Amino acid sequence: HDPAPDARPGGAARQPLAPPDSARWGPAQRRLGADEIALQWAIWREQVDSDVTFVSPGEKPHGGVRRVLEEARGYLETPPPLGRIRSAFAAGDARTLRADGPGWSMVARTDDIAFVLLDEEPGEVLPVGRGPELPGLLTALDELAVRPH
């Protein structure tokens, strides 16, 4: 329960706690979307096989995706707060990674591709092809990740 306004220090009234507004896109919806992709990997991955063309070698990826990959690489130099990168079991020897940063979430499998969700692109799921750099990045992030016990 929320205390009465006059019971708070200074008597300042604040909005009571409430769940995020599900009608608009924001960090909570982005993280929930990333969680859903992680849980339903096979379904999402199947859609990519039939509908998506990845960036060709030599071409620049989507600006938001580029930023996410750069920030994720930055985690290797300066590790983020505990829990910002999480690793869970996946089929075979693979791991499912979840990484979050300011305004973005990434879901990936260490043996496959990644998906990026951005606050500035409501409801969009941007696939990231394996390419030459993604496997090493995912392996390094997995080494930093919190793992379930």
# chains A, B, ... in the order shown; residues from 1 in each chain; ligands from 1

call {"tool": "residues_around", "arguments": {"residues": "A:Leu144", "least_positions_apart": "3", "cutoff": "12 Å", "atoms": "only C-alpha atoms", "output": "list in words"}}
result
Ala72, Arg73, Tyr75, Leu76, Glu77, Thr78, Pro79, Pro80, Pro81, Leu82, Gly83, Arg84, Ile85, Arg86, Ser87, Leu97, Arg98, Ala99, Leu137, Leu138, Thr139, Ala140, Leu141 and Arg147 of chain A

call {"tool": "select_by_dssp", "arguments": {"residues": "stretch 39-143 of chain A", "states": "strand (DSSP E or B)", "output": "JSON, numbers by chain"}}
result
{"A": [85, 86, 87, 88, 89, 95, 96, 97, 98, 99, 100, 101, 104, 105, 106, 107, 108, 109, 114, 115, 116, 117, 118, 126, 127, 128]}

call {"tool": "write_last_selection", "arguments": {"atoms": "N, CA and C atoms", "output": "PDB file, in the first residue's frame"}}
result
ATOM      1  N   ILE A  85      23.302  -9.139 -18.541  1.00  0.00           N
ATOM      2  CA  ILE A  85      23.495 -10.207 -19.526  1.00  0.00           C
ATOM      3  C   ILE A  85      23.161 -11.506 -18.809  1.00  0.00           C
ATOM      4  N   ARG A  86      22.271 -12.286 -19.423  1.00  0.00           N
ATOM      5  CA  ARG A  86      21.879 -13.559 -18.823  1.00  0.00           C
ATOM      6  C   ARG A  86      22.030 -14.664 -19.848  1.00  0.00           C
ATOM      7  N   SER A  87      22.393 -15.840 -19.365  1.00  0.00           N
ATOM      8  CA  SER A  87      22.610 -16.998 -20.223  1.00  0.00           C
ATOM      9  C   SER A  87      21.784 -18.166 -19.695  1.00  0.00           C
ATOM     10  N   ALA A  88      21.108 -18.860 -20.603  1.00  0.00           N
ATOM     11  CA  ALA A  88      20.289 -20.015 -20.224  1.00  0.00           C
ATOM     12  C   ALA A  88      20.578 -21.161 -21.179  1.00  0.00           C
ATOM     13  N   PHE A  89      20.210 -22.354 -20.765  1.00  0.00           N
ATOM     14  CA  PHE A  89      20.410 -23.532 -21.595  1.00  0.00           C
ATOM     15  C   PHE A  89      19.617 -23.419 -22.891  1.00  0.00           C
ATOM     16  N   ARG A  95      23.791 -21.835 -25.942  1.00  0.00           N
ATOM     17  CA  ARG A  95      23.196 -21.072 -24.846  1.00  0.00           C
ATOM     18  C   ARG A  95      22.297 -20.006 -25.462  1.00  0.00           C
ATOM     19  N   THR A  96      21.238 -19.654 -24.750  1.00  0.00           N
ATOM     20  CA  THR A  96      20.395 -18.528 -25.139  1.00  0.00           C
ATOM     21  C   THR A  96      20.837 -17.340 -24.304  1.00  0.00           C
ATOM     22  N   LEU A  97      21.194 -16.254 -24.968  1.00  0.00           N
ATOM     23  CA  LEU A  97      21.640 -15.038 -24.287  1.00  0.00           C
ATOM     24  C   LEU A  97      20.561 -13.980 -24.330  1.00  0.00           C
ATOM     25  N   ARG A  98      20.460 -13.232 -23.220  1.00  0.00           N
ATOM     26  CA  ARG A  98      19.618 -12.039 -23.158  1.00  0.00           C
ATOM     27  C   ARG A  98      20.509 -10.933 -22.658  1.00  0.00           C
ATOM     28  N   ALA A  99      20.630  -9.867 -23.408  1.00  0.00           N
ATOM     29  CA  ALA A  99      21.410  -8.708 -22.982  1.00  0.00           C
ATOM     30  C   ALA A  99      20.542  -7.469 -23.140  1.00  0.00           C
ATOM     31  N   ASP A 100      20.677  -6.564 -22.189  1.00  0.00           N
ATOM     32  CA  ASP A 100      19.908  -5.328 -22.226  1.00  0.00           C
ATOM     33  C   ASP A 100      20.834  -4.142 -22.022  1.00  0.00           C
ATOM     34  N   GLY A 101      20.456  -3.041 -22.627  1.00  0.00           N
ATOM     35  CA  GLY A 101      21.169  -1.794 -22.454  1.00  0.00           C
ATOM     36  C   GLY A 101      20.166  -0.661 -22.490  1.00  0.00           C
ATOM     37  N   TRP A 104      17.558  -0.749 -25.456  1.00  0.00           N
ATOM     38  CA  TRP A 104      17.652  -1.915 -26.339  1.00  0.00           C
ATOM     39  C   TRP A 104      17.692  -3.220 -25.558  1.00  0.00           C
ATOM     40  N   SER A 105      17.289  -4.278 -26.255  1.00  0.00           N
ATOM     41  CA  SER A 105      17.417  -5.650 -25.763  1.00  0.00           C
ATOM     42  C   SER A 105      17.882  -6.508 -26.920  1.00  0.00           C
ATOM     43  N   MET A 106      18.690  -7.514 -26.601  1.00  0.00           N
ATOM     44  CA  MET A 106      19.155  -8.454 -27.611  1.00  0.00           C
ATOM     45  C   MET A 106      18.920  -9.867 -27.090  1.00  0.00           C
ATOM     46  N   VAL A 107      18.410 -10.717 -27.978  1.00  0.00           N
ATOM     47  CA  VAL A 107      18.234 -12.133 -27.682  1.00  0.00           C
ATOM     48  C   VAL A 107      19.033 -12.875 -28.738  1.00  0.00           C
ATOM     49  N   ALA A 108      19.810 -13.863 -28.324  1.00  0.00           N
ATOM     50  CA  ALA A 108      20.644 -14.587 -29.282  1.00  0.00           C
ATOM     51  C   ALA A 108      20.868 -16.007 -28.803  1.00  0.00           C
ATOM     52  N   ARG A 109      21.226 -16.847 -29.743  1.00  0.00           N
ATOM     53  CA  ARG A 109      21.735 -18.172 -29.397  1.00  0.00           C
ATOM     54  C   ARG A 109      23.189 -18.202 -29.816  1.00  0.00           C
ATOM     55  N   ALA A 114      20.974 -13.421 -33.848  1.00  0.00           N
ATOM     56  CA  ALA A 114      20.472 -12.595 -32.745  1.00  0.00           C
ATOM     57  C   ALA A 114      19.257 -11.809 -33.227  1.00  0.00           C
ATOM     58  N   PHE A 115      18.453 -11.374 -32.280  1.00  0.00           N
ATOM     59  CA  PHE A 115      17.335 -10.472 -32.537  1.00  0.00           C
ATOM     60  C   PHE A 115      17.524  -9.262 -31.641  1.00  0.00           C
ATOM     61  N   VAL A 116      17.255  -8.068 -32.186  1.00  0.00           N
ATOM     62  CA  VAL A 116      17.388  -6.821 -31.446  1.00  0.00           C
ATOM     63  C   VAL A 116      16.035  -6.139 -31.394  1.00  0.00           C
ATOM     64  N   LEU A 117      15.693  -5.614 -30.213  1.00  0.00           N
ATOM     65  CA  LEU A 117      14.485  -4.810 -30.023  1.00  0.00           C
ATOM     66  C   LEU A 117      14.931  -3.450 -29.509  1.00  0.00           C
ATOM     67  N   LEU A 118      14.351  -2.391 -30.063  1.00  0.00           N
ATOM     68  CA  LEU A 118      14.748  -1.023 -29.724  1.00  0.00           C
ATOM     69  C   LEU A 118      13.547  -0.230 -29.232  1.00  0.00           C
ATOM     70  N   LEU A 126      14.388  -6.878 -34.983  1.00  0.00           N
ATOM     71  CA  LEU A 126      15.395  -6.758 -36.034  1.00  0.00           C
ATOM     72  C   LEU A 126      16.377  -7.926 -35.944  1.00  0.00           C
ATOM     73  N   PRO A 127      16.401  -8.802 -36.960  1.00  0.00           N
ATOM     74  CA  PRO A 127      17.332  -9.936 -36.922  1.00  0.00           C
ATOM     75  C   PRO A 127      18.754  -9.510 -37.273  1.00  0.00           C
ATOM     76  N   VAL A 128      19.713 -10.170 -36.648  1.00  0.00           N
ATOM     77  CA  VAL A 128      21.126  -9.907 -36.893  1.00  0.00           C
ATOM     78  C   VAL A 128      21.746 -11.212 -37.368  1.00  0.00           C
TER      79      VAL A 128
END

call {"tool": "residues_around", "arguments": {"residues": "stretch 44-49 of chain A", "least_positions_apart": "4", "cutoff": "9 Å", "atoms": "only C-alpha atoms", "output": "NGL selection string"}}
result
:A and (37-38 or 40 or 53 or 113 or 127)

call {"tool": "atom_distance", "arguments": {"atom1": "atom CA of A:Gly26", "atom2": "atom CA of A:Ile43"}}
result
23.6 Å

call {"tool": "atom_distance", "arguments": {"atom1": "atom CA of A:Gly103", "atom2": "atom CA of A:Val68"}}
result
9.1 Å

call {"tool": "closest_residue", "arguments": {"among": "A:Pro27, A:Gly58, A:Asp119, A:Glu71", "to": "A:Gly131", "atoms": "only C-alpha atoms"}}
result
A:Gly58

call {"tool": "select_by_dssp", "arguments": {"residues": "stretch 35-131 of chain A", "states": "alpha helix (DSSP H)", "output": "PyMOL selection string"}}
result
chain A and resi 35-39+41-51+63-77

call {"tool": "atom_distance", "arguments": {"atom1": "atom CA of A:Gly123", "atom2": "atom CA of A:Arg67"}}
result
18.1 Å
